[in-house]
Every structure is written in C-alpha cells, then in structure tokens.
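entry13.cif follows (mmCIF, C-alpha atoms and all ligand atoms):
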data_entry
#
loop_
_atom_site.label_atom_id
_atom_site.label_comp_id
_atom_site.auth_asym_id
_atom_site.auth_seq_id
_atom_site.Cartn_x
_atom_site.Cartn_y
_atom_site.Cartn_z
CA MET Z 177 -55.55 177.35 -16.32
CA THR Z 178 -55.61 178.09 -12.57
CA LYS Z 179 -52.33 178.85 -10.90
CA LYS Z 180 -50.69 176.16 -8.77
CA SER Z 181 -50.58 177.10 -5.13
CA ALA Z 182 -47.71 176.36 -2.75
CA LEU Z 183 -47.36 176.75 1.00
CA ILE Z 184 -43.80 177.15 2.29
CA THR Z 185 -43.05 176.83 5.99
CA GLY Z 186 -39.77 178.53 6.88
CA ILE Z 187 -40.21 181.12 4.11
CA THR Z 188 -38.24 183.70 6.11
CA GLY Z 189 -35.19 181.38 6.14
CA GLN Z 190 -32.41 180.97 3.59
CA ASP Z 191 -34.03 178.16 1.57
CA GLY Z 192 -37.55 179.56 1.91
CA SER Z 193 -36.51 182.77 0.19
CA TYR Z 194 -34.85 181.00 -2.75
CA LEU Z 195 -37.71 178.53 -3.12
CA ALA Z 196 -40.29 181.33 -3.10
CA GLU Z 197 -38.36 183.10 -5.88
CA LEU Z 198 -38.18 179.87 -7.90
CA LEU Z 199 -41.91 179.12 -7.55
CA LEU Z 200 -42.82 182.69 -8.53
CA THR Z 201 -40.82 182.31 -11.74
CA LYS Z 202 -42.80 179.12 -12.40
CA GLY Z 203 -46.10 180.99 -12.03
CA TYR Z 204 -47.15 179.64 -8.61
CA GLU Z 205 -49.28 181.45 -6.09
CA VAL Z 206 -46.86 181.44 -3.17
CA HIS Z 207 -47.97 181.38 0.46
CA GLY Z 208 -45.54 181.49 3.34
CA LEU Z 209 -46.14 180.42 6.94
CA VAL Z 210 -44.62 182.92 9.36
CA ARG Z 211 -44.54 182.78 13.13
CA ARG Z 212 -45.05 185.72 15.42
CA THR Z 213 -41.76 187.42 16.32
CA SER Z 214 -41.06 190.54 18.38
CA SER Z 215 -39.06 192.17 15.59
CA ILE Z 216 -39.33 192.10 11.81
CA ASN Z 217 -37.55 189.10 10.27
CA THR Z 218 -38.58 189.32 6.62
CA ALA Z 219 -35.25 190.69 5.31
CA ARG Z 220 -34.67 187.70 3.01
CA ILE Z 221 -38.08 188.05 1.33
CA GLU Z 222 -38.38 191.87 1.42
CA HIS Z 223 -37.89 192.08 -2.37
CA ILE Z 224 -40.82 189.72 -3.11
CA LEU Z 225 -43.22 190.65 -0.29
CA ASP Z 226 -45.65 192.24 -2.76
CA LYS Z 227 -45.80 188.99 -4.79
CA ILE Z 228 -46.35 186.44 -2.03
CA GLN Z 229 -48.93 185.96 0.70
CA LEU Z 230 -48.00 185.40 4.31
CA VAL Z 231 -50.11 183.40 6.72
CA GLN Z 232 -49.59 183.25 10.48
CA GLY Z 233 -48.66 179.92 12.00
CA ASP Z 234 -46.15 177.96 13.99
CA LEU Z 235 -45.03 174.33 13.75
CA THR Z 236 -45.65 173.99 17.49
CA ASP Z 237 -49.30 175.01 17.11
CA GLU Z 238 -51.41 172.36 15.34
CA SER Z 239 -54.52 174.50 14.96
CA SER Z 240 -52.56 177.22 13.15
CA LEU Z 241 -51.37 174.64 10.61
CA VAL Z 242 -54.90 173.39 10.00
CA SER Z 243 -56.07 176.99 9.46
CA ALA Z 244 -53.14 177.76 7.14
CA ILE Z 245 -53.98 174.76 4.94
CA ARG Z 246 -57.71 175.60 4.87
CA GLN Z 247 -56.91 179.20 4.00
CA THR Z 248 -54.27 178.62 1.31
CA LYS Z 249 -55.54 175.36 -0.26
CA PRO Z 250 -52.05 174.40 -1.45
CA ASP Z 251 -51.21 171.92 -4.22
CA GLU Z 252 -47.72 171.59 -2.75
CA ILE Z 253 -46.40 172.04 0.79
CA TYR Z 254 -42.70 172.51 1.44
CA ASN Z 255 -41.81 171.99 5.09
CA LEU Z 256 -38.60 173.98 5.49
CA ALA Z 257 -39.29 175.31 8.99
CA ALA Z 258 -37.10 173.97 11.77
CA GLN Z 259 -34.77 174.85 14.59
CA SER Z 260 -32.01 174.36 12.05
CA PHE Z 261 -28.81 175.18 13.94
CA VAL Z 262 -27.02 172.03 15.13
CA GLY Z 263 -25.03 173.97 17.75
CA SER Z 264 -28.17 175.27 19.52
CA SER Z 265 -29.78 171.84 19.56
CA TRP Z 266 -27.69 170.84 22.60
CA SER Z 267 -28.84 173.89 24.57
CA GLN Z 268 -32.47 173.65 23.34
CA PRO Z 269 -33.06 169.92 22.78
CA ILE Z 270 -36.75 169.94 23.69
CA PHE Z 271 -37.64 172.94 21.51
CA THR Z 272 -35.61 171.34 18.70
CA ALA Z 273 -37.64 168.14 19.04
CA GLU Z 274 -40.94 170.04 19.24
CA THR Z 275 -40.24 171.94 16.03
CA THR Z 276 -37.88 169.85 13.95
CA ALA Z 277 -39.36 166.43 14.84
CA ILE Z 278 -42.96 166.62 16.14
CA GLY Z 279 -43.61 169.70 13.99
CA VAL Z 280 -43.43 167.41 10.95
CA THR Z 281 -46.13 165.13 12.37
CA ARG Z 282 -48.30 168.14 13.19
CA LEU Z 283 -48.09 169.30 9.60
CA LEU Z 284 -48.71 165.82 8.16
CA GLU Z 285 -51.69 165.43 10.51
CA ALA Z 286 -53.01 168.82 9.43
CA ILE Z 287 -52.84 167.67 5.80
CA ARG Z 288 -54.56 164.39 6.62
CA THR Z 289 -57.32 165.77 8.82
CA THR Z 290 -58.20 168.62 6.45
CA GLY Z 291 -58.45 166.08 3.62
CA SER Z 292 -55.93 168.11 1.61
CA ASP Z 293 -54.33 166.29 -1.31
CA ALA Z 294 -51.27 168.54 -1.29
CA LYS Z 295 -47.94 166.98 -2.19
CA PHE Z 296 -45.52 167.23 0.73
CA TYR Z 297 -41.79 167.93 0.83
CA GLN Z 298 -39.80 167.36 4.04
CA ALA Z 299 -36.43 169.09 4.47
CA SER Z 300 -34.32 166.20 5.72
CA SER Z 301 -30.61 166.49 6.27
CA SER Z 302 -27.24 164.86 5.67
CA GLU Z 303 -26.71 165.35 9.43
CA MET Z 304 -28.80 162.16 9.79
CA PHE Z 305 -25.75 160.20 8.50
CA GLY Z 306 -23.75 161.64 11.41
CA LYS Z 307 -21.03 159.19 12.34
CA VAL Z 308 -20.91 157.95 8.80
CA GLN Z 309 -21.26 154.24 8.11
CA ALA Z 310 -20.12 154.47 4.47
CA THR Z 311 -18.66 157.09 2.13
CA PRO Z 312 -20.03 158.60 -0.06
CA GLN Z 313 -23.53 158.66 1.45
CA ASN Z 314 -26.61 157.79 -0.61
CA GLU Z 315 -30.27 156.86 0.07
CA LYS Z 316 -29.22 153.40 1.29
CA THR Z 317 -26.52 154.49 3.75
CA PRO Z 318 -27.49 153.72 7.38
CA PHE Z 319 -28.14 156.69 9.65
CA TYR Z 320 -26.26 157.49 12.89
CA PRO Z 321 -27.32 160.94 14.15
CA ARG Z 322 -24.84 162.83 16.37
CA SER Z 323 -26.84 165.78 17.75
CA PRO Z 324 -30.34 166.45 19.12
CA TYR Z 325 -30.95 168.25 15.80
CA ALA Z 326 -29.98 165.20 13.75
CA VAL Z 327 -32.07 162.89 15.95
CA ALA Z 328 -35.06 165.21 15.44
CA LYS Z 329 -34.49 165.30 11.66
CA LEU Z 330 -34.32 161.52 11.58
CA TYR Z 331 -37.75 161.37 13.22
CA GLY Z 332 -39.04 163.88 10.64
CA HIS Z 333 -37.61 161.74 7.85
CA TRP Z 334 -39.16 158.49 9.05
CA ILE Z 335 -42.56 159.98 9.86
CA THR Z 336 -42.66 161.34 6.30
CA VAL Z 337 -41.86 157.88 4.92
CA ASN Z 338 -44.41 156.37 7.31
CA TYR Z 339 -47.26 158.69 6.25
CA ARG Z 340 -46.48 157.88 2.63
CA GLU Z 341 -46.64 154.16 3.37
CA SER Z 342 -49.56 154.31 5.84
CA PHE Z 343 -51.89 156.73 4.08
CA GLY Z 344 -50.62 156.76 0.49
CA MET Z 345 -49.69 160.41 0.80
CA TYR Z 346 -47.51 162.02 -1.84
CA ALA Z 347 -44.70 162.74 0.63
CA CYS Z 348 -41.00 163.12 -0.25
CA SER Z 349 -37.98 163.48 1.94
CA GLY Z 350 -35.06 165.39 0.45
CA ILE Z 351 -31.83 164.45 2.20
CA LEU Z 352 -29.92 167.61 1.45
CA PHE Z 353 -26.25 168.17 2.17
CA ASN Z 354 -25.07 171.60 3.37
CA HIS Z 355 -26.06 174.42 1.07
CA GLU Z 356 -25.02 178.01 1.56
CA SER Z 357 -25.43 181.46 0.05
CA PRO Z 358 -25.05 185.14 0.90
CA ARG Z 359 -28.42 184.69 2.69
CA ARG Z 360 -27.09 181.99 5.03
CA GLY Z 361 -27.64 182.65 8.75
CA ILE Z 362 -24.59 184.24 10.39
CA GLU Z 363 -24.24 181.44 12.97
CA PHE Z 364 -23.37 178.81 10.35
CA VAL Z 365 -19.66 178.38 9.71
CA THR Z 366 -19.52 179.44 6.04
CA ARG Z 367 -21.32 182.74 6.61
CA LYS Z 368 -19.49 183.31 9.89
CA ILE Z 369 -16.26 183.03 7.87
CA SER Z 370 -17.36 185.22 4.93
CA ASP Z 371 -18.67 187.87 7.34
CA GLY Z 372 -15.47 187.65 9.41
CA VAL Z 373 -13.33 188.03 6.28
CA ALA Z 374 -15.32 191.11 5.27
CA ARG Z 375 -14.93 192.72 8.72
CA ILE Z 376 -11.20 192.00 8.79
CA TYR Z 377 -10.86 193.33 5.23
CA HIS Z 378 -12.52 196.61 6.21
CA GLY Z 379 -10.46 196.87 9.41
CA LEU Z 380 -13.37 196.31 11.81
CA GLN Z 381 -11.93 193.21 13.50
CA ASP Z 382 -8.55 191.52 13.64
CA GLU Z 383 -9.37 187.87 14.31
CA LEU Z 384 -11.98 185.19 13.65
CA ARG Z 385 -12.68 182.60 16.34
CA LEU Z 386 -13.76 179.15 15.13
CA GLY Z 387 -14.11 175.60 16.46
CA ASN Z 388 -13.14 172.40 14.63
CA LEU Z 389 -11.30 173.21 11.38
CA ASP Z 390 -10.91 169.54 10.42
CA SER Z 391 -14.55 168.68 9.85
CA LYS Z 392 -15.44 168.14 6.21
CA ARG Z 393 -18.68 169.06 4.52
CA ASP Z 394 -20.25 168.70 1.09
CA TRP Z 395 -21.14 172.35 0.43
CA GLY Z 396 -23.33 173.58 -2.44
CA PHE Z 397 -25.30 176.70 -3.39
CA ALA Z 398 -28.82 177.00 -1.89
CA GLY Z 399 -30.25 178.41 -5.14
CA ASP Z 400 -29.37 175.14 -6.90
CA TYR Z 401 -30.75 172.95 -4.11
CA VAL Z 402 -34.27 174.43 -4.03
CA GLU Z 403 -34.66 173.30 -7.65
CA ALA Z 404 -34.20 169.71 -6.47
CA MET Z 405 -36.98 170.22 -3.88
CA TRP Z 406 -39.39 171.36 -6.58
CA LEU Z 407 -38.37 168.56 -8.97
CA MET Z 408 -39.13 165.94 -6.30
CA LEU Z 409 -42.76 167.06 -6.18
CA GLN Z 410 -43.12 166.96 -9.99
CA GLN Z 411 -42.53 163.19 -10.31
CA GLU Z 412 -45.20 160.57 -10.84
CA LYS Z 413 -44.35 158.82 -7.57
CA PRO Z 414 -43.12 160.22 -4.26
CA ASP Z 415 -39.66 159.12 -3.16
CA ASP Z 416 -36.61 160.14 -1.13
CA TYR Z 417 -33.49 161.64 -2.66
CA VAL Z 418 -29.98 162.58 -1.58
CA VAL Z 419 -28.93 165.99 -2.91
CA GLY Z 420 -25.28 167.04 -2.70
CA SER Z 421 -22.38 168.28 -4.80
CA GLY Z 422 -20.23 165.14 -4.66
CA GLU Z 423 -17.26 167.08 -3.26
CA THR Z 424 -16.09 167.43 0.30
CA HIS Z 425 -13.93 170.18 1.80
CA SER Z 426 -12.71 170.96 5.30
CA VAL Z 427 -13.56 174.08 7.27
CA ARG Z 428 -9.83 174.89 6.97
CA GLU Z 429 -10.07 174.79 3.16
CA PHE Z 430 -13.11 177.07 3.29
CA CYS Z 431 -11.07 179.53 5.38
CA GLU Z 432 -8.14 179.38 3.00
CA LEU Z 433 -10.32 180.16 -0.05
CA ALA Z 434 -12.45 182.79 1.70
CA PHE Z 435 -9.54 184.80 3.10
CA GLY Z 436 -7.73 184.31 -0.22
CA ALA Z 437 -10.69 185.83 -2.10
CA ALA Z 438 -10.04 189.05 -0.12
CA GLY Z 439 -6.27 188.86 -0.59
CA LEU Z 440 -5.73 187.83 3.07
CA ASP Z 441 -3.78 184.98 4.69
CA TRP Z 442 -6.20 182.99 6.88
CA GLU Z 443 -3.50 181.72 9.24
CA LYS Z 444 -2.88 185.25 10.52
CA TYR Z 445 -6.48 185.73 11.65
CA VAL Z 446 -8.17 182.43 12.52
CA LYS Z 447 -8.00 181.45 16.20
CA ILE Z 448 -9.34 178.22 17.68
CA ASP Z 449 -11.90 178.77 20.41
CA PRO Z 450 -13.11 175.70 22.38
CA ARG Z 451 -16.52 177.40 22.84
CA PHE Z 452 -17.30 176.52 19.21
CA VAL Z 453 -16.27 172.87 19.43
CA ARG Z 454 -19.31 170.57 19.62
CA PRO Z 455 -19.97 167.84 22.20
CA ALA Z 456 -20.19 165.30 19.35
CA GLU Z 457 -18.99 166.04 15.85
CA VAL Z 458 -19.87 164.88 12.36
CA ASP Z 459 -16.41 164.49 10.85
CA LEU Z 460 -17.05 163.93 7.18
CA LEU Z 461 -19.99 164.26 4.82
CA LEU Z 462 -19.92 163.51 1.10
CA GLY Z 463 -23.11 163.10 -0.89
CA ASP Z 464 -23.74 160.69 -3.73
CA ALA Z 465 -26.60 162.34 -5.63
CA SER Z 466 -26.64 159.89 -8.55
CA LYS Z 467 -30.33 159.01 -7.97
CA ALA Z 468 -31.34 162.71 -8.09
CA LYS Z 469 -29.26 163.11 -11.23
CA LYS Z 470 -30.79 160.06 -12.92
CA VAL Z 471 -34.45 160.45 -11.89
CA LEU Z 472 -34.82 164.21 -11.45
CA GLY Z 473 -32.20 165.30 -13.98
CA TRP Z 474 -30.76 167.52 -11.21
CA LYS Z 475 -27.20 168.67 -10.91
CA PRO Z 476 -25.57 171.61 -9.14
CA LYS Z 477 -24.44 174.60 -11.22
CA VAL Z 478 -22.36 176.67 -8.80
CA THR Z 479 -18.93 175.23 -7.91
CA PHE Z 480 -17.31 175.34 -4.47
CA PRO Z 481 -14.81 178.14 -5.31
CA GLU Z 482 -17.61 180.15 -6.98
CA LEU Z 483 -19.76 179.77 -3.86
CA VAL Z 484 -16.99 180.94 -1.51
CA LYS Z 485 -16.21 183.94 -3.74
CA MET Z 486 -19.91 184.85 -4.04
CA MET Z 487 -20.31 184.87 -0.23
CA VAL Z 488 -17.14 186.85 0.47
CA GLU Z 489 -17.86 189.47 -2.21
CA SER Z 490 -21.41 189.88 -0.96
CA ASP Z 491 -20.29 190.36 2.66
CA ILE Z 492 -17.54 192.82 1.69
CA GLU Z 493 -20.21 194.92 0.00
CA LEU Z 494 -22.70 194.49 2.85
CA VAL Z 495 -20.19 195.55 5.51
CA ALA Z 496 -19.14 198.55 3.37
CA GLY Z 497 -22.78 199.64 3.23
CA GLU Z 498 -23.12 199.25 7.01
CA MET Z 499 -20.01 201.40 7.53
CA LYS Z 500 -21.23 204.14 5.21
CA ARG Z 501 -24.54 204.30 7.06
CA LYS Z 502 -22.57 204.86 10.28
CA GLY Z 503 -20.44 207.60 8.66
CA LYS Z 504 -17.31 205.41 8.48
CA ILE Z 505 -15.16 205.02 5.39
CA PRO Z 506 -14.90 201.41 4.09
CA ARG Z 507 -11.81 200.08 2.31
CA SER Z 508 -12.31 200.75 -1.39
CA ASN Z 509 -10.25 198.08 -3.17
P1 LIG O 601 -33.05 178.66 8.32
O1 LIG O 601 -32.60 178.50 9.72
O2 LIG O 601 -32.48 179.76 7.48
O3 LIG O 601 -34.65 178.86 8.32
C1 LIG O 601 -35.48 178.17 9.22
C2 LIG O 601 -36.89 178.66 9.06
O4 LIG O 601 -37.74 177.95 9.97
C3 LIG O 601 -37.09 180.16 9.38
O5 LIG O 601 -37.99 180.71 8.45
C4 LIG O 601 -37.72 180.12 10.77
O6 LIG O 601 -38.53 181.23 11.06
C5 LIG O 601 -38.60 178.88 10.63
N1 LIG O 601 -39.04 178.33 11.90
C6 LIG O 601 -38.28 177.95 12.95
N2 LIG O 601 -39.05 177.48 13.94
C7 LIG O 601 -40.34 177.57 13.51
C8 LIG O 601 -41.58 177.23 14.07
N3 LIG O 601 -41.69 176.71 15.30
N4 LIG O 601 -42.71 177.45 13.35
C9 LIG O 601 -42.63 177.99 12.11
N5 LIG O 601 -41.47 178.34 11.52
C10 LIG O 601 -40.33 178.13 12.21
O7 LIG O 601 -32.87 177.25 7.61
P2 LIG O 601 -32.48 176.91 6.07
O8 LIG O 601 -33.28 177.75 5.17
O9 LIG O 601 -31.01 176.85 5.94
O10 LIG O 601 -32.96 175.39 5.98
C11 LIG O 601 -34.31 175.06 5.62
C12 LIG O 601 -34.65 173.67 6.13
O11 LIG O 601 -33.77 172.72 5.54
C13 LIG O 601 -34.49 173.48 7.65
O12 LIG O 601 -35.47 172.58 8.05
C14 LIG O 601 -33.11 172.86 7.80
O13 LIG O 601 -33.03 172.11 8.98
C15 LIG O 601 -33.08 171.99 6.56
N6 LIG O 601 -31.76 171.72 6.01
C16 LIG O 601 -30.93 172.77 5.69
C17 LIG O 601 -29.73 172.53 5.09
C18 LIG O 601 -28.79 173.64 4.76
O14 LIG O 601 -27.63 173.34 4.51
N7 LIG O 601 -29.25 174.88 4.71
C19 LIG O 601 -29.31 171.16 4.74
C20 LIG O 601 -30.30 170.14 5.08
C21 LIG O 601 -31.48 170.42 5.68
P3 LIG O 601 -37.94 182.57 11.79
O15 LIG O 601 -37.42 183.43 10.68
O16 LIG O 601 -39.14 183.11 12.45
O17 LIG O 601 -36.86 182.11 12.72
P1 LIG O 602 -23.85 172.00 10.08
O1 LIG O 602 -23.42 173.50 9.75
O2 LIG O 602 -23.71 171.69 11.52
O3 LIG O 602 -23.14 171.12 9.11
O4 LIG O 602 -25.42 172.05 9.77
P2 LIG O 602 -22.44 174.51 10.47
O5 LIG O 602 -22.06 175.50 9.43
O6 LIG O 602 -23.01 175.05 11.74
O7 LIG O 602 -21.17 173.60 10.87
C1 LIG O 602 -20.37 172.98 9.88
C2 LIG O 602 -19.08 172.46 10.52
O8 LIG O 602 -18.24 173.56 10.87
C3 LIG O 602 -17.70 173.31 12.15
N1 LIG O 602 -17.31 174.58 12.79
C4 LIG O 602 -18.14 175.56 13.15
N2 LIG O 602 -19.48 175.69 13.00
C5 LIG O 602 -20.06 176.84 13.42
N3 LIG O 602 -21.37 177.00 13.23
N4 LIG O 602 -19.35 177.82 14.03
C6 LIG O 602 -17.99 177.73 14.22
O9 LIG O 602 -17.37 178.64 14.77
C7 LIG O 602 -17.36 176.55 13.76
N5 LIG O 602 -16.07 176.13 13.73
C8 LIG O 602 -16.06 174.93 13.16
C9 LIG O 602 -18.81 172.57 12.89
O10 LIG O 602 -18.29 171.92 14.05
C10 LIG O 602 -19.28 171.64 11.79
O11 LIG O 602 -18.48 170.50 11.74
C11 LIG O 602 -25.93 172.68 8.63
C12 LIG O 602 -27.32 173.24 8.98
O12 LIG O 602 -27.80 174.00 7.89
C13 LIG O 602 -28.30 172.11 9.24
O13 LIG O 602 -29.62 172.64 9.39
C14 LIG O 602 -28.28 171.15 8.04
O14 LIG O 602 -29.14 170.08 8.27
C15 LIG O 602 -26.87 170.65 7.78
O15 LIG O 602 -26.03 171.77 7.56
C16 LIG O 602 -26.79 169.74 6.57
#
Kindly transcribe the structure held in the file into structure tokens.
Ligand code: NDP
Ligand code: GDR
Amino acid sequence: MTKKSALITGITGQDGSYLAELLLTKGYEVHGLVRRTSSINTARIEHILDKIQLVQGDLTDESSLVSAIRQTKPDEIYNLAAQSFVGSSWSQPIFTAETTAIGVTRLLEAIRTTGSDAKFYQASSSEMFGKVQATPQNEKTPFYPRSPYAVAKLYGHWITVNYRESFGMYACSGILFNHESPRRGIEFVTRKISDGVARIYHGLQDELRLGNLDSKRDWGFAGDYVEAMWLMLQQEKPDDYVVGSGETHSVREFCELAFGAAGLDWEKYVKIDPRFVRPAEVDLLLGDASKAKKVLGWKPKVTFPELVKMMVESDIELVAGEMKRKGKIPRSN
C-alpha cells in the first residue's frame, strides 16, 4: 500500500511539530511548508528533520502554494500557518489579515485550481467567540470576534465552510480552544509564565510583568489537540468541531499553580504592567467538545495541573542548560 501524504503549513510552529510527529507514527509521508526567514527557525522539528520533507512557500504567495501542492501531491492538507499572536494583531492588522484570513483562500484556491482532491483542515480558533454570547461555547454558539486576529480567523472559518458548500470540498474547520506545551511560543501567557518562573527559580530575574490576570481560558495540551485535527480528516463527511477541555481557569490561577510547582509564591513576583493589557479583551472561554467526543471519539488526556507542571519543569531544565552553557551555576534542587 502506498503511504498517505500530508502537507502541513506552519510545521515550524507548536502545533505543526506535534502534528508532524503524530503523522509520522501513523506512517504518513510528511511535508512541511516553510517560509524564507533570515535565521534558522526549525528548533521545534530539529529531532524529525531527517524524516520529513520541507517545501518552500508562504501563505501570502499564491504561486508558491500551487507549486507546493503539485510537488507534494498531498492526501491531506493541514493549514496551521498564521500570524497567531492576538497581541500583535493590533499592531499588524493588515499582515494578520493577509496571512490568517486571505491566506486560507489562497490555499483553498490552490487546491481547487490544481485539481487536488486533498482533504483540508483549517485551524480555527475559540477567539472567534470573543465577547461570548453563551457559555459553554459549542459549534452553534454565535461568534463575536474581539481582535484583528479573531476577525481574520472568522473569515478563514467561513471561507472553509463556503468552499465545502460551494465546491463539495472535503474541508473541516477545527475550532480549537487554547492549547499549550513546552513548545509554546514565549509571547503567549502560559509559556511567558513558565519561563518567568524558571528564571526566578534560578535567580536570573526577580519579577514577572503581566497584563490582565482575570481573563479565563480553556487550556489543554497541544499533543492531545493535534489528534483531534487528524481525526476530523478521517471521517466520512467533512464537518466543523469544537475542541476544548471543558474547564476554564484564570491567568491568576495559572500563575498560582506555576509558581507553586517551583515552590514559589506568585504574589511576591507578579507585577501588573499596562503594556500587556489589550485594547479589547476576551474575558472567558469554555469549550463544550461533546460533538468531538461523540463523533470523533476524542477526549483530552493531560489535565490542567499536569500541563502547568510539565511546562514549568521543562523550562527549569531549559534555563539550567542555558546557564551551564554560559558558565553559570543553576540552582540544583
Ligand atoms: P505558532 O505561532 O506556533 O505557529 C505558526 C506557524 O505559522 C509557524 O510555523 C509560522 O512560521 C507559520 N507562518 C506564519 N506566517 C506564515 C506565512 N505567511 N506563510 C507560511 N507560514 C507562516 O502557532 P500554533 O502552532 O500555536 O497554532 C497553529 C495554528 O492554530 C495557528 O493558525 C493558530 O492561529 C491556530 N490556533 C492555535 C491555538 C493554540 O492555542 N495554539 C488555538 C486555536 C487556533 P515561522 O516559524 O516562519 O514563523
Ligand atoms: P490568546 O493567548 O490570546 O488566548 O490566544 P495568550 O496566551 O496570548 O493570552 C491569553 C490571556 O492572557 C492574558 N494575559 C497575557 N497574555 C500575554 N500574551 N502576555 C501577558 O503578559 C498577559 N497577561 C495577561 C491575555 O490578555 C489573554 O486574555 C491564543 C493563541 O494561540 C491564538 O492563536 C489562539 O487562536 C487562541 O489562543 C485560542
């Protein structure tokens, strides 16, 4: 039997790296779309670089997407690429729209015009619920985006639905709630906290500056969430699914657990800095993933406290390694 082939956009990101690992274990030939950057950014996929194939391309460049599809002939395409940081979407609204919104149309058009019959996954987001209209949020909850990022994701969601309905494409939109890991980008609050805890633990810094501690998120583990992406493309019919843990916690609670995991009292170190408060906030997100559970048989494995501990322990080790390389002595217990 010939191997299934997958093309992942955003393979250098958090989710791309976990999804690539998952598809390799399932025997796929894995291709990843990477854009040109001035410095190497393959740290998250370094350990599997010899098992995957990278192809040059950018969501803002239609012709590169057409070439990538012709070259890789994928059975499945996972569109994970995006300007994914909500905070930056206010300072770069046009680039966010170009990549996170129109980029989806470019990729769908590339599939259509090449005549590819690849199944398509779009990385939609719980941010689309924004100023929430009902709690918990499921596939039927109305959207109310609160940032240029969320507005762009909403476009990406609807264009995916529209191409499914217009052209009969096998296109799914996964509405995923926040998912984190030791590979999370440092600008996102969970990783900013676990990294801050590690630096405070090793004596490298004495405070952590954050914005709104009251906002509540439904946080899960990225490794669990990429399984849901794959499951969506294995169904008979394409559909949209909410994927979340069904629990919500505040940024304050995350701090409490994270500092606690290192034996520290968060209140001594966390300082509020207005620079990190957003022009419009999403106050509360809580996912109702009962459809994903019922149809896909998906449920998360890693709990919230396990996730926080995993991230803090990983960063404590990472910072210790950094210190040793610089000839400094890290804290040993
Ligand atoms: P990351 O920010 O870690 O990764 C984003 C990826 O997109 C990187 O590989 C980046 O490449 C790539 N990228 C950015 N712009 C372009 C472009 N113009 N052309 C090609 N590639 C580009 O995000 P995550 O892994 O956390 O998230 C994956 C997807 O899921 C994103 O679309 C995100 O918006 C969405 N999402 C994420 C959630 C989460 O909690 N993690 C929840 C819901 C949705 P480079 O390395 O070169 O920057
Ligand atoms: P989010 O993630 O916006 O939910 O988007 P982020 O971790 O950036 O923010 C979560 C909440 O924490 C509050 N917060 C801070 N956030 C950051 N980044 N830095 C701070 O210092 C800080 N202090 C408080 C924020 O205001 C917010 O309420 C993530 C991304 O992965 C998106 O791509 C994805 O679509 C959604 O999750 C679901």
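Proximal residues of ligand LIG 602 (chain O) are Ser260, Phe261, Val262, Ser301, Ser302, Glu303, Phe353, Asn354, Glu363, Phe364, Val365, Thr366, Leu386, Gly387, Asn388, Leu389, Ser391, Val427, Phe452, Val453, Arg454 and Val458 of chain Z, by a cut-off of 6 Å on all atoms listed in the file.
Of the listed residues (Z:Gly306, Z:Pro269, Z:Gly263, Z:Pro506), Z:Pro506 comes nearest to Tyr377 of chain Z; the distances count all atoms listed in the file.
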- prompt: Do you have the atom CA of Tyr297 of chain Z-atom CA of Tyr325 of chain Z distance handy?
  reply: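 We find that atom CA of Tyr297 of chain Z and atom CA of Tyr325 of chain Z lie 18.5 Å from each other.
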- prompt: Using all atoms listed in the file, what are the residues with an atom within 7 Å of ligand LIG 601 (chain O), set out as a ChimeraX atom specification?
  reply: /Z:185-192,209-211,213,217,233-236,256-261,275-276,299-302,351-356,360-361,398
Nearby residues, (-20.5, 155.5, 1.0) file frame, 12 Å, all atoms listed in the file, as a PyMOL selection string: chain Z and resi 305+307-319+422+460-465
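Between Gly203 of chain Z and the candidates Z:Leu483, Z:Ala182, Z:Ala244, Z:Ala219, the tightest atom-to-atom separation, counting only C-alpha atoms, involves Z:Ala182.
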message: Could you check the closest approach to Lys467 of chain Z for each of Z:Gly350, Z:Val495, Z:Glu403, Z:Arg507 and tell me which residue wins, using only C-alpha atoms?
response: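 When distances to Lys467 of chain Z are compared using only C-alpha atoms, the smallest one comes from Z:Gly350.
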task: Please measure the separation of atom CA of Ile216 of chain Z and atom CA of Asp400 of chain Z, giving the value in Å to one decimal.
output: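 Distance between the two atoms: 27.1 Å.
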Nearest residue to Asp491 of chain Z from the set Z:Leu384, Z:Ile376, Z:Leu198, Z:Cys431 (distances using all atoms listed in the file):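 Answer, going by the shortest atom-to-atom distance: Z:Ile376.
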- request: Extract, using all atoms listed in the file, all DNA, RNA and protein residues at most 10 Å from Gly473 of chain Z, discarding same-chain residues fewer than 4 positions from it, and format them as a list in words.
  value: Ala404, Leu407, Ser466, Lys467, Ala468 and Lys469 of chain Z
statement: Counting only C-alpha atoms, the residue among Z:Pro476, Z:Gly372, Z:Pro358, Z:Pro414 that lies closest to Gln298 of chain Z is Z:Pro414
task: Counting all atoms listed in the file, figure out which residue out of Z:Lys447, Z:Arg393, Z:Lys413, Z:His333 gets nearest to Met345 of chain Z.
output: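 The shortest atom-to-atom distance to Met345 of chain Z comes from Z:Lys413.
Here atom CA of Ile228 of chain Z and atom CA of Lys329 of chain Z stand 27.8 Å from one another.
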message: Every residue with an atom at most 10 Å from (-10.3, 186.5, 8.1) (file coordinates; all atoms listed in the file) is what I'm after, so could you write them as JSON, numbers by chain?
response: {"Z": [368, 369, 370, 371, 372, 373, 374, 375, 376, 377, 381, 382, 383, 384, 385, 431, 432, 434, 435, 436, 438, 439, 440, 441, 442, 443, 444, 445, 446, 447]}
